[in-house]
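> my_file_28.txt is reproduced below (compact mmCIF, C-alpha atoms and all ligand atoms).
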```txt
# COMPACT_ATOMS: atom_id res chain seq x y z
CA MET E 6 0.00 0.00 0.00
CA SER E 7 1.34 3.51 -0.79
CA ALA E 8 2.22 5.80 2.14
CA PHE E 9 -0.76 7.99 1.18
CA LEU E 10 -3.27 5.13 1.22
CA GLU E 11 -1.75 3.84 4.43
CA ARG E 12 -2.35 7.23 6.08
CA ILE E 13 -5.98 7.29 4.92
CA ASP E 14 -6.45 3.82 6.32
CA MET E 15 -4.88 4.85 9.62
CA SER E 16 -7.13 7.90 9.88
CA ALA E 17 -10.13 5.64 9.37
CA LEU E 18 -8.82 3.33 12.08
CA LEU E 19 -8.82 6.07 14.73
CA ASP E 20 -12.40 6.98 13.90
CA ASP E 21 -13.57 3.39 14.11
CA VAL E 22 -14.43 3.29 17.81
CA GLU E 23 -14.99 -0.48 17.77
CA ARG E 24 -11.58 -1.21 16.23
CA VAL E 25 -9.93 1.20 18.63
CA ARG E 26 -11.56 -0.67 21.50
CA ARG E 27 -10.37 -4.02 20.17
CA ILE E 28 -6.74 -2.84 20.08
CA ASP E 29 -7.06 -0.97 23.37
CA ARG E 30 -8.00 -4.26 25.02
CA ASP E 31 -7.30 -3.14 28.58
CA GLY E 32 -9.26 0.06 28.20
CA MET E 33 -6.69 2.86 28.49
CA CYS E 34 -9.05 5.20 26.60
CA ALA E 35 -11.82 4.47 29.10
CA ILE E 36 -9.49 5.17 32.03
CA LEU E 37 -8.32 8.42 30.43
CA ALA E 38 -11.88 9.48 29.71
CA LYS E 39 -12.42 9.45 33.49
CA PHE E 40 -9.40 11.66 34.20
CA PRO E 41 -11.47 14.65 35.43
CA GLU E 42 -13.57 12.39 37.69
CA HIS E 43 -10.41 10.72 39.02
CA CYS E 44 -9.21 14.20 39.96
CA GLU E 45 -12.49 14.85 41.80
CA THR E 46 -12.40 11.51 43.62
CA ALA E 47 -8.76 12.07 44.50
CA ILE E 48 -9.52 15.49 45.99
CA ASN E 49 -12.35 14.05 48.13
CA LEU E 50 -10.33 11.06 49.23
CA ALA E 51 -7.30 13.06 50.28
CA LYS E 52 -9.44 15.55 52.23
CA ASP E 53 -9.61 13.08 55.12
CA LEU E 54 -5.86 12.91 55.52
CA GLN E 55 -4.93 13.44 59.16
CA ILE E 56 -1.40 14.51 59.94
CA PRO E 57 -0.37 13.57 63.49
CA GLN E 58 1.79 15.88 65.56
CA ARG E 59 4.27 13.10 66.14
CA VAL E 60 4.83 9.44 65.34
CA ARG E 61 6.84 7.39 67.83
CA ILE E 62 8.84 4.74 65.98
CA SER E 63 10.89 3.55 68.96
CA ASN E 64 12.32 4.92 72.20
CA SER E 65 15.01 6.82 70.37
CA ARG E 66 13.17 7.77 67.20
CA VAL E 67 10.21 10.15 66.99
CA LEU E 68 8.98 11.90 63.84
CA ARG E 69 7.62 15.39 64.55
CA TYR E 70 5.25 16.96 62.03
CA GLY E 71 4.96 20.71 61.44
CA VAL E 72 5.95 23.31 58.88
CA PRO E 73 8.85 21.78 56.93
CA LYS E 74 12.03 23.52 55.79
CA GLN E 75 11.99 21.58 52.53
CA ILE E 76 9.94 18.95 50.76
CA VAL E 77 11.23 15.84 49.02
CA ILE E 78 8.98 13.62 46.94
CA ALA E 79 10.51 10.16 46.55
CA GLY E 80 9.13 8.01 43.76
CA MET E 81 9.80 6.54 40.34
CA GLY E 82 8.10 6.73 36.95
CA GLY E 83 4.36 7.17 37.04
CA SER E 84 4.48 7.63 40.80
CA ALA E 85 7.04 10.45 40.63
CA ILE E 86 5.59 12.68 37.96
CA GLY E 87 2.88 14.03 40.29
CA GLY E 88 5.78 15.48 42.30
CA ASN E 89 7.15 17.34 39.27
CA LEU E 90 3.69 18.67 38.47
CA LEU E 91 3.32 19.93 42.05
CA LYS E 92 6.75 21.52 41.99
CA ASP E 93 6.04 23.35 38.71
CA TRP E 94 2.55 24.39 39.76
CA LEU E 95 3.70 25.93 43.05
CA ARG E 96 7.09 27.19 41.88
CA ALA E 97 6.08 30.84 41.87
CA SER E 98 4.10 30.78 45.12
CA LEU E 99 5.53 28.24 47.59
CA LEU E 100 8.54 29.49 49.52
CA ILE E 101 9.56 26.02 50.64
CA PRO E 102 11.93 24.25 48.22
CA VAL E 103 10.60 21.08 46.60
CA GLU E 104 12.72 18.31 45.13
CA VAL E 105 11.67 15.11 43.39
CA CYS E 106 13.98 12.26 44.30
CA ARG E 107 14.21 9.40 41.78
CA GLY E 108 16.66 6.95 43.26
CA TYR E 109 17.64 4.87 46.25
CA THR E 110 19.01 7.59 48.51
CA LEU E 111 17.80 10.91 49.84
CA PRO E 112 19.88 14.10 49.47
CA ALA E 113 22.28 14.87 52.34
CA TYR E 114 20.26 17.91 53.50
CA VAL E 115 17.21 15.78 54.34
CA ASP E 116 16.71 15.96 58.11
CA GLU E 117 13.99 15.99 60.74
CA GLU E 118 12.68 19.29 59.38
CA THR E 119 12.11 17.79 55.92
CA LEU E 120 8.77 16.56 54.72
CA VAL E 121 9.33 13.36 52.73
CA PHE E 122 6.61 11.80 50.62
CA ALA E 123 7.16 8.16 49.72
CA THR E 124 4.99 7.64 46.66
CA SER E 125 4.63 4.28 45.00
CA TYR E 126 1.44 3.12 43.35
CA SER E 127 2.29 -0.56 43.74
CA GLY E 128 3.94 0.08 47.09
CA ASN E 129 6.76 -2.26 46.10
CA THR E 130 9.22 -0.08 44.21
CA GLU E 131 12.60 -0.67 45.76
CA GLU E 132 14.04 2.82 45.19
CA THR E 133 11.05 4.38 46.95
CA LEU E 134 11.09 1.86 49.80
CA SER E 135 14.76 2.50 50.33
CA CYS E 136 14.08 6.28 50.58
CA LEU E 137 11.21 5.60 52.97
CA LEU E 138 13.48 3.71 55.29
CA GLU E 139 16.13 6.43 55.14
CA ALA E 140 13.50 9.07 55.85
CA VAL E 141 12.34 7.20 58.94
CA GLU E 142 15.94 6.70 60.08
CA ARG E 143 16.55 10.46 59.72
CA GLN E 144 13.30 11.20 61.59
CA CYS E 145 11.76 13.17 58.73
CA MET E 146 8.06 14.00 58.52
CA VAL E 147 7.16 11.00 56.38
CA ILE E 148 3.90 10.63 54.47
CA GLY E 149 3.14 7.57 52.33
CA ILE E 150 1.05 7.54 49.16
CA SER E 151 0.23 4.10 47.80
CA SER E 152 -2.47 1.67 46.79
CA ASN E 153 -0.84 -1.46 48.18
CA GLY E 154 2.34 -3.36 48.92
CA VAL E 155 5.17 -3.05 51.38
CA LEU E 156 4.85 0.74 51.51
CA GLN E 157 1.30 0.50 52.76
CA GLU E 158 2.13 -2.33 55.15
CA PHE E 159 5.12 -0.47 56.63
CA SER E 160 3.24 2.82 56.91
CA GLU E 161 0.45 1.11 58.80
CA LYS E 162 2.85 -0.78 61.04
CA LEU E 163 4.79 2.37 61.88
CA GLY E 164 1.68 4.55 62.21
CA LEU E 165 2.82 6.91 59.44
CA PRO E 166 0.22 9.10 57.76
CA LEU E 167 -0.78 7.41 54.52
CA VAL E 168 -3.03 8.30 51.61
CA ALA E 169 -4.41 4.93 50.51
CA ILE E 170 -5.36 5.44 46.88
CA PRO E 171 -7.54 3.03 44.88
CA GLY E 172 -5.78 0.07 43.28
CA GLY E 173 -6.33 -1.67 39.97
CA TYR E 174 -4.97 0.93 37.55
CA PRO E 175 -1.65 1.08 35.72
CA PRO E 176 0.58 3.34 37.91
CA ARG E 177 0.71 6.09 35.29
CA SER E 178 -3.07 6.40 35.41
CA ALA E 179 -2.90 7.22 39.10
CA VAL E 180 -1.39 10.66 38.46
CA PRO E 181 -4.57 12.48 39.56
CA TYR E 182 -4.57 10.51 42.84
CA ILE E 183 -0.91 11.09 43.56
CA PHE E 184 -0.92 14.76 42.57
CA PHE E 185 -4.00 15.65 44.62
CA SER E 186 -2.77 13.61 47.60
CA LEU E 187 0.35 15.77 47.62
CA VAL E 188 -1.78 18.91 47.38
CA ALA E 189 -4.02 17.72 50.23
CA ALA E 190 -1.06 16.93 52.46
CA LEU E 191 0.36 20.43 51.99
CA ASP E 192 -3.08 21.80 52.77
CA ALA E 193 -3.35 19.68 55.92
CA LEU E 194 0.03 21.02 57.05
CA GLY E 195 -1.15 24.58 56.39
CA ILE E 196 1.51 25.29 53.76
CA LEU E 197 -0.50 25.20 50.54
CA PRO E 198 -0.49 28.72 49.10
CA SER E 199 -3.89 30.09 48.18
CA MET E 200 -4.27 29.27 44.48
CA GLY E 201 -7.48 31.26 43.91
CA GLY E 202 -9.89 28.66 42.51
CA GLU E 203 -7.30 27.11 40.20
CA ILE E 204 -8.34 23.56 41.06
CA GLU E 205 -12.01 24.14 40.28
CA GLU E 206 -11.10 25.84 37.01
CA ALA E 207 -8.76 22.99 36.05
CA LEU E 208 -11.52 20.43 36.56
CA ALA E 209 -13.93 22.40 34.37
CA VAL E 210 -11.31 22.86 31.64
CA LEU E 211 -10.42 19.15 31.70
CA LYS E 212 -14.07 18.27 31.12
CA GLU E 213 -14.24 20.68 28.17
CA VAL E 214 -11.03 19.31 26.66
CA ARG E 215 -12.28 15.74 27.08
CA GLU E 216 -15.19 16.42 24.72
CA GLU E 217 -12.67 17.29 22.04
CA ILE E 218 -10.23 14.38 22.31
CA THR E 219 -12.04 11.14 23.18
CA PRO E 220 -12.35 8.38 20.52
CA GLU E 221 -15.92 9.40 19.63
CA ARG E 222 -14.71 12.77 18.33
CA PRO E 223 -13.66 12.41 14.66
CA LEU E 224 -10.12 12.99 13.53
CA SER E 225 -11.11 16.09 11.54
CA ASP E 226 -11.90 17.79 14.85
CA ASN E 227 -9.72 15.91 17.32
CA LEU E 228 -6.28 17.37 18.12
CA ALA E 229 -5.05 14.28 19.97
CA LYS E 230 -5.78 12.05 16.96
CA LYS E 231 -4.15 14.55 14.60
CA ILE E 232 -1.00 14.59 16.71
CA ALA E 233 -0.86 10.79 16.67
CA ILE E 234 -1.26 10.70 12.89
CA GLY E 235 1.49 13.30 12.54
CA LEU E 236 3.90 11.35 14.74
CA GLN E 237 3.58 7.96 13.05
CA GLY E 238 6.90 6.40 12.17
CA ILE E 239 9.01 9.15 13.75
CA ILE E 240 10.39 9.84 17.21
CA PRO E 241 8.39 12.34 19.27
CA LEU E 242 10.51 15.17 20.64
CA ILE E 243 8.53 17.01 23.29
CA SER E 244 9.32 20.60 23.95
CA GLY E 245 7.96 23.18 26.35
CA PHE E 246 9.15 26.00 28.58
CA GLY E 247 9.17 26.84 32.29
CA PHE E 248 6.40 25.15 34.25
CA TYR E 249 5.58 22.92 31.27
CA GLY E 250 8.78 20.98 31.97
CA SER E 251 6.82 18.47 34.07
CA VAL E 252 4.10 18.21 31.42
CA ALA E 253 6.74 17.53 28.76
CA ARG E 254 8.24 14.85 30.98
CA ARG E 255 4.82 13.28 31.46
CA MET E 256 4.22 13.30 27.69
CA LYS E 257 7.56 11.65 27.08
CA THR E 258 6.78 8.84 29.49
CA GLN E 259 3.25 8.45 28.11
CA PHE E 260 4.56 8.10 24.53
CA ASN E 261 7.09 5.57 25.83
CA GLU E 262 4.56 3.49 27.71
CA ASN E 263 1.31 3.89 25.74
CA SER E 264 2.72 4.09 22.20
CA LYS E 265 5.80 1.92 22.89
CA THR E 266 8.04 4.39 21.09
CA PRO E 267 11.33 6.06 21.92
CA THR E 268 10.68 9.70 22.81
CA THR E 269 12.81 12.57 23.93
CA ILE E 270 12.45 16.00 25.61
CA GLU E 271 14.15 19.32 24.90
CA LEU E 272 13.09 22.36 26.90
CA PHE E 273 13.20 26.10 26.24
CA PRO E 274 15.28 28.12 26.95
CA GLU E 275 18.01 25.49 27.46
CA LEU E 276 17.61 23.98 24.00
CA ARG E 277 18.86 27.10 22.27
CA HIS E 278 22.19 26.68 24.06
CA ASN E 279 23.02 23.23 22.68
CA THR E 280 20.22 21.30 20.93
CA VAL E 281 20.09 23.74 18.01
CA VAL E 282 23.70 22.93 17.17
CA GLY E 283 22.82 19.24 16.96
CA TRP E 284 20.03 20.18 14.55
CA ALA E 285 22.13 22.37 12.27
CA ARG E 286 23.11 19.60 9.83
CA GLN E 287 22.48 15.85 9.54
CA ARG E 288 19.01 16.11 8.02
CA ASN E 289 18.98 12.32 7.68
CA LEU E 290 18.99 12.19 11.51
CA THR E 291 16.81 15.19 12.40
CA LYS E 292 14.11 14.00 9.96
CA LYS E 293 13.54 11.08 12.29
CA PHE E 294 11.95 13.44 14.85
CA GLY E 295 8.45 14.88 15.14
CA VAL E 296 8.45 17.96 17.38
CA VAL E 297 5.57 18.50 19.80
CA LEU E 298 5.56 22.10 21.06
CA ILE E 299 3.62 22.86 24.23
CA ARG E 300 2.39 26.44 23.77
CA ASP E 301 0.76 29.03 26.01
CA LYS E 302 -1.00 32.29 25.16
CA GLY E 303 0.78 33.85 28.12
CA GLU E 304 4.29 32.94 26.98
CA PRO E 305 6.70 35.67 28.13
CA PRO E 306 7.79 37.71 25.06
CA GLU E 307 11.35 36.43 25.11
CA ILE E 308 10.16 32.82 25.24
CA ARG E 309 7.56 33.36 22.51
CA LYS E 310 10.17 34.86 20.25
CA MET E 311 12.56 32.02 20.99
CA ILE E 312 9.95 29.34 20.24
CA GLU E 313 8.84 31.06 17.02
CA VAL E 314 12.37 31.60 15.74
CA THR E 315 13.46 28.06 16.62
CA LYS E 316 10.37 26.64 14.98
CA GLU E 317 10.91 28.62 11.78
CA ARG E 318 14.65 28.30 11.48
CA ILE E 319 15.32 24.87 12.93
CA PHE E 320 12.32 22.59 13.38
CA ASN E 321 10.13 23.40 10.35
CA ASP E 322 12.93 22.45 8.03
CA GLY E 323 14.77 19.92 10.16
CA ALA E 324 11.99 17.80 11.65
CA ALA E 325 9.64 15.41 9.85
CA ALA E 326 6.66 17.11 11.55
CA VAL E 327 5.93 19.94 13.98
CA VAL E 328 2.72 19.98 16.00
CA GLU E 329 1.56 22.39 18.68
CA ILE E 330 -0.59 21.92 21.76
CA TRP E 331 -1.94 25.21 23.07
CA SER E 332 -2.90 25.28 26.72
CA ARG E 333 -6.40 26.16 27.88
CA GLY E 334 -7.68 28.08 30.86
CA ARG E 335 -6.43 31.00 32.93
CA GLY E 336 -4.82 29.39 35.98
CA LYS E 337 -1.52 27.58 35.77
CA LEU E 338 -3.04 24.27 36.80
CA ALA E 339 -5.68 24.31 34.05
CA ARG E 340 -3.00 25.22 31.53
CA MET E 341 -0.73 22.42 32.68
CA LEU E 342 -3.39 19.72 32.94
CA SER E 343 -5.13 20.66 29.67
CA THR E 344 -1.92 20.11 27.68
CA LEU E 345 -1.05 16.99 29.67
CA TYR E 346 -4.49 15.55 28.88
CA VAL E 347 -4.11 16.06 25.13
CA GLY E 348 -0.68 14.40 25.30
CA ASP E 349 -2.07 11.44 27.22
CA PHE E 350 -4.73 10.75 24.59
CA ALA E 351 -2.34 11.38 21.68
CA SER E 352 0.05 8.77 23.11
CA VAL E 353 -2.75 6.20 23.31
CA TYR E 354 -3.85 6.91 19.73
CA LEU E 355 -0.29 6.54 18.50
CA GLY E 356 -0.12 3.16 20.24
CA ILE E 357 -3.34 2.17 18.50
CA LEU E 358 -1.94 3.26 15.12
CA TYR E 359 1.03 0.99 15.84
CA GLY E 360 -1.43 -1.82 16.60
CA VAL E 361 -0.33 -2.17 20.22
CA ASN E 362 -2.45 -2.48 23.33
CA PRO E 363 -1.46 0.74 25.16
CA THR E 364 -1.81 -0.57 28.73
CA PRO E 365 0.75 -3.37 29.29
CA THR E 366 4.34 -2.38 30.01
CA GLU E 367 5.96 -5.79 29.80
CA SER E 368 9.46 -4.38 29.40
CA ILE E 369 9.24 -2.65 32.80
CA ASP E 370 7.99 -5.81 34.50
CA GLU E 371 10.53 -7.96 32.70
CA LEU E 372 13.45 -5.70 33.64
CA LYS E 373 12.25 -5.46 37.23
CA LYS E 374 12.43 -9.27 37.42
CA HIS E 375 15.95 -9.34 35.99
CA LEU E 376 17.18 -6.56 38.22
CA ILE E 377 16.27 -8.15 41.51
CA THR E 378 19.85 -8.57 42.62
CA VAL E 379 19.37 -7.94 46.30
CA ASP E 380 16.45 -8.96 48.42
CA ILE E 381 15.36 -5.37 49.06
CA GLU E 382 12.13 -6.36 50.74
CA GLY E 383 13.92 -8.75 53.10
CA THR E 384 16.59 -6.14 53.81
CA LEU E 385 13.94 -3.55 54.54
CA ARG E 386 12.06 -5.87 56.83
CA ARG E 387 15.23 -6.60 58.80
CA LYS E 388 16.15 -2.91 59.02
CA LEU E 389 12.63 -2.04 60.05
CA ALA E 390 12.68 -4.60 62.84
CA ARG E 391 15.93 -3.04 64.08
CA LEU E 392 14.47 0.47 63.92
CA LEU E 393 11.50 -0.57 66.04
CA GLU E 394 13.87 -1.93 68.71
CA ASP E 395 16.19 1.11 68.88
O1 LIG P 401 4.33 3.68 34.65
C1 LIG P 401 4.82 2.71 35.24
O2 LIG P 401 4.27 1.60 35.32
C2 LIG P 401 6.15 2.87 35.91
O3 LIG P 401 6.79 4.05 35.54
C3 LIG P 401 5.98 2.77 37.44
O4 LIG P 401 5.27 3.90 37.90
C4 LIG P 401 7.35 2.66 38.10
O5 LIG P 401 7.98 1.47 37.69
C5 LIG P 401 7.27 2.67 39.62
O6 LIG P 401 6.33 1.77 40.10
P1 LIG P 401 5.25 2.26 41.17
O7 LIG P 401 4.51 3.38 40.50
O8 LIG P 401 4.39 1.10 41.45
O9 LIG P 401 6.04 2.73 42.35
```
Would you write out, as structure tokens, the structure that this file holds?

Amino acid sequence: MSAFLERIDMSALLDDVERVRRIDRDGMCAILAKFPEHCETAINLAKDLQIPQRVRISNSRVLRYGVPKQIVIAGMGGSAIGGNLLKDWLRASLLIPVEVCRGYTLPAYVDEETLVFATSYSGNTEETLSCLLEAVERQCMVIGISSNGVLQEFSEKLGLPLVAIPGGYPPRSAVPYIFFSLVAALDALGILPSMGGEIEEALAVLKEVREEITPERPLSDNLAKKIAIGLQGIIPLISGFGFYGSVARRMKTQFNENSKTPTTIELFPELRHNTVVGWARQRNLTKKFGVVLIRDKGEPPEIRKMIEVTKERIFNDGAAAVVEIWSRGRGKLARMLSTLYVGDFASVYLGILYGVNPTPTESIDELKKHLITVDIEGTLRRKLARLLED
């Protein structure tokens, strides 16, 4: 079949809701269609979070909760991205530094005045469990966020505050639960800046955007489907500026996991200091990329100019495709989540165009099995027993 006919056929595929459903066997589209409601449920669920004044772990170890000096969110993959979204959302209003920690160890500055979130959807991610243990050892204000596993078991055993989120989803679909649990915890500690109705606006905008991107909406009028069509056969390169860094990161991971495609990120303004040089020649290489630009009507003039000039002079000619996602809404949260939502659906549609079921992530599970070199759970259990006796 010619490339042209193939494209026509692919367009028809995305508008054939039944065929889409057959490929999307585990129902990622249905989960995504509930994204706004998951945000609402998450907000209600996390409202009940009680933060104790102190948690006694043993005679020599007591965690004291109050206003923290800094916040560290420990997690990996789909369980960590909520931390980046929080950090970007509150960057201009929260005076307490926030760091997302993806790894086995906490930064040296983490002490008893640090609030540490241990976030793991499965509750069994070894990097996160290792940070949890360190946080307890250093007597931090520890809060767990999980649907299951060792994290939940340990938190309950130790009496740590825990947001128990609903299970049964792929971890990356739990972003609304993890993000709003973080927000609720800051609120419960009295350190959430007043964001002037941003959450309510974001929910309304998400519902509006949903109408425009679900499978029932035809390609001719569906930005997420158009993006997927444009990115077929090439490597998505996600680009954004400032507080869209976390959204770009989310999109990258969603294209990886839902579409099963390599994907990369390049952010403004950093990209003009190096990436552009890599794009100056080698058309045979740059033509392998499809650039996704996250745009915002409120782009600062210097950023707007930079994006426009880079698009015209570098990407339009160098890339195989350039697509733009313009944010919606007034508040930062609506603008972030509206672009994230389009990216989520686009990644699922691209997976469907590739004929893959978007939900399973066998490579992650497979690698996790091969990487079990140390018995982290056993080690943690032994260390925990020692902590309780101290
Ligand atoms: O999206 C995924 O499935 C992964 O990125 C997981 O989130 C990651 O492996 C960590 O697992 P968990 O979220 O259960 O802590």
> Wanna dump the chain E-ligand LIG 401 (chain P) contacts at 10 Å for me, each residue with its shortest atom pair and the distance in Å to one decimal, counting only C-alpha atoms and all ligand atoms, ordered by chain and number, as a Markdown table?

```
| residue | atom | partner | partner_atom | distance |
| --- | --- | --- | --- | --- |
| E:Ala79 | CA | P:LIG401 | O9 | 9.6 |
| E:Gly80 | CA | P:LIG401 | O9 | 6.3 |
| E:Met81 | CA | P:LIG401 | C5 | 4.7 |
| E:Gly82 | CA | P:LIG401 | O3 | 3.3 |
| E:Gly83 | CA | P:LIG401 | O4 | 3.5 |
| E:Ser84 | CA | P:LIG401 | O7 | 4.3 |
| E:Ala85 | CA | P:LIG401 | O4 | 7.3 |
| E:Ile86 | CA | P:LIG401 | O4 | 8.8 |
| E:Arg107 | CA | P:LIG401 | C5 | 9.9 |
| E:Ala123 | CA | P:LIG401 | O9 | 9.2 |
| E:Thr124 | CA | P:LIG401 | O9 | 6.6 |
| E:Ser125 | CA | P:LIG401 | O9 | 3.4 |
| E:Tyr126 | CA | P:LIG401 | O8 | 4.0 |
| E:Ser127 | CA | P:LIG401 | O8 | 3.5 |
| E:Gly128 | CA | P:LIG401 | O8 | 5.7 |
| E:Asn129 | CA | P:LIG401 | O8 | 6.2 |
| E:Thr130 | CA | P:LIG401 | O9 | 4.6 |
| E:Glu131 | CA | P:LIG401 | O9 | 8.1 |
| E:Glu132 | CA | P:LIG401 | O9 | 8.5 |
| E:Thr133 | CA | P:LIG401 | O9 | 7.0 |
| E:Leu134 | CA | P:LIG401 | O9 | 9.0 |
| E:Ile150 | CA | P:LIG401 | O9 | 9.7 |
| E:Ser151 | CA | P:LIG401 | O9 | 8.1 |
| E:Ser152 | CA | P:LIG401 | O8 | 8.7 |
| E:Asn153 | CA | P:LIG401 | O8 | 8.9 |
| E:Gly154 | CA | P:LIG401 | O8 | 8.9 |
| E:Leu156 | CA | P:LIG401 | O9 | 9.4 |
| E:Tyr174 | CA | P:LIG401 | O2 | 9.5 |
| E:Pro175 | CA | P:LIG401 | O2 | 6.0 |
| E:Pro176 | CA | P:LIG401 | O7 | 4.7 |
| E:Arg177 | CA | P:LIG401 | O1 | 4.4 |
| E:Ser178 | CA | P:LIG401 | O1 | 7.9 |
| E:Ala179 | CA | P:LIG401 | O7 | 8.5 |
| E:Val180 | CA | P:LIG401 | O4 | 9.5 |
| E:Ile183 | CA | P:LIG401 | O7 | 9.9 |
| E:Thr258 | CA | P:LIG401 | O1 | 7.7 |
| E:Gln259 | CA | P:LIG401 | O1 | 8.2 |
| E:Asn261 | CA | P:LIG401 | O1 | 9.4 |
| E:Glu262 | CA | P:LIG401 | O1 | 6.9 |
| E:Asn263 | CA | P:LIG401 | O1 | 9.4 |
| E:Thr364 | CA | P:LIG401 | O2 | 9.2 |
| E:Pro365 | CA | P:LIG401 | O2 | 8.6 |
| E:Thr366 | CA | P:LIG401 | O2 | 6.6 |
| E:Glu367 | CA | P:LIG401 | O2 | 9.4 |
| E:Ser368 | CA | P:LIG401 | O2 | 9.9 |
| E:Ile369 | CA | P:LIG401 | O5 | 6.5 |
| E:Asp370 | CA | P:LIG401 | O5 | 7.9 |
| E:Leu372 | CA | P:LIG401 | O5 | 9.9 |
| E:Lys373 | CA | P:LIG401 | O5 | 8.2 |
```
> Suppose we keep C-alpha atoms; can you now write the selection as a PDB file, in the coordinates of the input?

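Done, and the output landed in result.pdb:
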```pdb
ATOM      1  CA  ALA E  79      10.510  10.160  46.550  1.00  0.00           C
ATOM      2  CA  GLY E  80       9.130   8.010  43.760  1.00  0.00           C
ATOM      3  CA  MET E  81       9.800   6.540  40.340  1.00  0.00           C
ATOM      4  CA  GLY E  82       8.100   6.730  36.950  1.00  0.00           C
ATOM      5  CA  GLY E  83       4.360   7.170  37.040  1.00  0.00           C
ATOM      6  CA  SER E  84       4.480   7.630  40.800  1.00  0.00           C
ATOM      7  CA  ALA E  85       7.040  10.450  40.630  1.00  0.00           C
ATOM      8  CA  ILE E  86       5.590  12.680  37.960  1.00  0.00           C
ATOM      9  CA  ARG E 107      14.210   9.400  41.780  1.00  0.00           C
ATOM     10  CA  ALA E 123       7.160   8.160  49.720  1.00  0.00           C
ATOM     11  CA  THR E 124       4.990   7.640  46.660  1.00  0.00           C
ATOM     12  CA  SER E 125       4.630   4.280  45.000  1.00  0.00           C
ATOM     13  CA  TYR E 126       1.440   3.120  43.350  1.00  0.00           C
ATOM     14  CA  SER E 127       2.290  -0.560  43.740  1.00  0.00           C
ATOM     15  CA  GLY E 128       3.940   0.080  47.090  1.00  0.00           C
ATOM     16  CA  ASN E 129       6.760  -2.260  46.100  1.00  0.00           C
ATOM     17  CA  THR E 130       9.220  -0.080  44.210  1.00  0.00           C
ATOM     18  CA  GLU E 131      12.600  -0.670  45.760  1.00  0.00           C
ATOM     19  CA  GLU E 132      14.040   2.820  45.190  1.00  0.00           C
ATOM     20  CA  THR E 133      11.050   4.380  46.950  1.00  0.00           C
ATOM     21  CA  LEU E 134      11.090   1.860  49.800  1.00  0.00           C
ATOM     22  CA  ILE E 150       1.050   7.540  49.160  1.00  0.00           C
ATOM     23  CA  SER E 151       0.230   4.100  47.800  1.00  0.00           C
ATOM     24  CA  SER E 152      -2.470   1.670  46.790  1.00  0.00           C
ATOM     25  CA  ASN E 153      -0.840  -1.460  48.180  1.00  0.00           C
ATOM     26  CA  GLY E 154       2.340  -3.360  48.920  1.00  0.00           C
ATOM     27  CA  LEU E 156       4.850   0.740  51.510  1.00  0.00           C
ATOM     28  CA  TYR E 174      -4.970   0.930  37.550  1.00  0.00           C
ATOM     29  CA  PRO E 175      -1.650   1.080  35.720  1.00  0.00           C
ATOM     30  CA  PRO E 176       0.580   3.340  37.910  1.00  0.00           C
ATOM     31  CA  ARG E 177       0.710   6.090  35.290  1.00  0.00           C
ATOM     32  CA  SER E 178      -3.070   6.400  35.410  1.00  0.00           C
ATOM     33  CA  ALA E 179      -2.900   7.220  39.100  1.00  0.00           C
ATOM     34  CA  VAL E 180      -1.390  10.660  38.460  1.00  0.00           C
ATOM     35  CA  ILE E 183      -0.910  11.090  43.560  1.00  0.00           C
ATOM     36  CA  THR E 258       6.780   8.840  29.490  1.00  0.00           C
ATOM     37  CA  GLN E 259       3.250   8.450  28.110  1.00  0.00           C
ATOM     38  CA  ASN E 261       7.090   5.570  25.830  1.00  0.00           C
ATOM     39  CA  GLU E 262       4.560   3.490  27.710  1.00  0.00           C
ATOM     40  CA  ASN E 263       1.310   3.890  25.740  1.00  0.00           C
ATOM     41  CA  THR E 364      -1.810  -0.570  28.730  1.00  0.00           C
ATOM     42  CA  PRO E 365       0.750  -3.370  29.290  1.00  0.00           C
ATOM     43  CA  THR E 366       4.340  -2.380  30.010  1.00  0.00           C
ATOM     44  CA  GLU E 367       5.960  -5.790  29.800  1.00  0.00           C
ATOM     45  CA  SER E 368       9.460  -4.380  29.400  1.00  0.00           C
ATOM     46  CA  ILE E 369       9.240  -2.650  32.800  1.00  0.00           C
ATOM     47  CA  ASP E 370       7.990  -5.810  34.500  1.00  0.00           C
ATOM     48  CA  LEU E 372      13.450  -5.700  33.640  1.00  0.00           C
ATOM     49  CA  LYS E 373      12.250  -5.460  37.230  1.00  0.00           C
TER      50      LYS E 373
END
```
> Using only C-alpha atoms, which of the listed residues (E:Arg288, E:Arg340, E:Lys302, E:Lys265) sits closest to E:Ala325?
E:Arg288
> Nearest to E:Val281 among E:Arg255, E:Lys316, E:Arg27, E:Lys230, with distances taken over all atoms listed in the file: which residue is it?
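Among the listed residues, the smallest separation from E:Val281 belongs to E:Lys316.
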> One number please: atom CA of E:Val155 to atom CA of E:Tyr182, in Å, one decimal.
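Taking atom CA of E:Val155 and atom CA of E:Tyr182, their separation equals 18.8 Å.
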> One decimal, Å: what's the distance from atom CA of E:Pro73 over to atom CA of E:Glu161, could you say?
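Computing the Euclidean distance for atom CA of E:Pro73 and atom CA of E:Glu161 yields 22.4 Å.
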> Measure the distance from atom CA of E:Gly247 to atom CA of E:Pro363 in Å and round it to one decimal.
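Interatomic distance here is 29.1 Å.
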> Which neighbours of stretch 215-229 of chain E fall inside 7 Å, counting all atoms listed in the file, when residues of the same chain fewer than 6 positions from it are skipped, and could you give them as a list in words?
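Listing them by chain and then by number gives Ser16, Asp20, Val22, Ala38, Val347, Gly348, Phe350 and Ala351 of chain E.
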> Measuring between only C-alpha atoms, which one of E:His43, E:Lys292, E:Arg59, E:Arg26 shows the shortest distance to E:Gly360?
E:Arg26
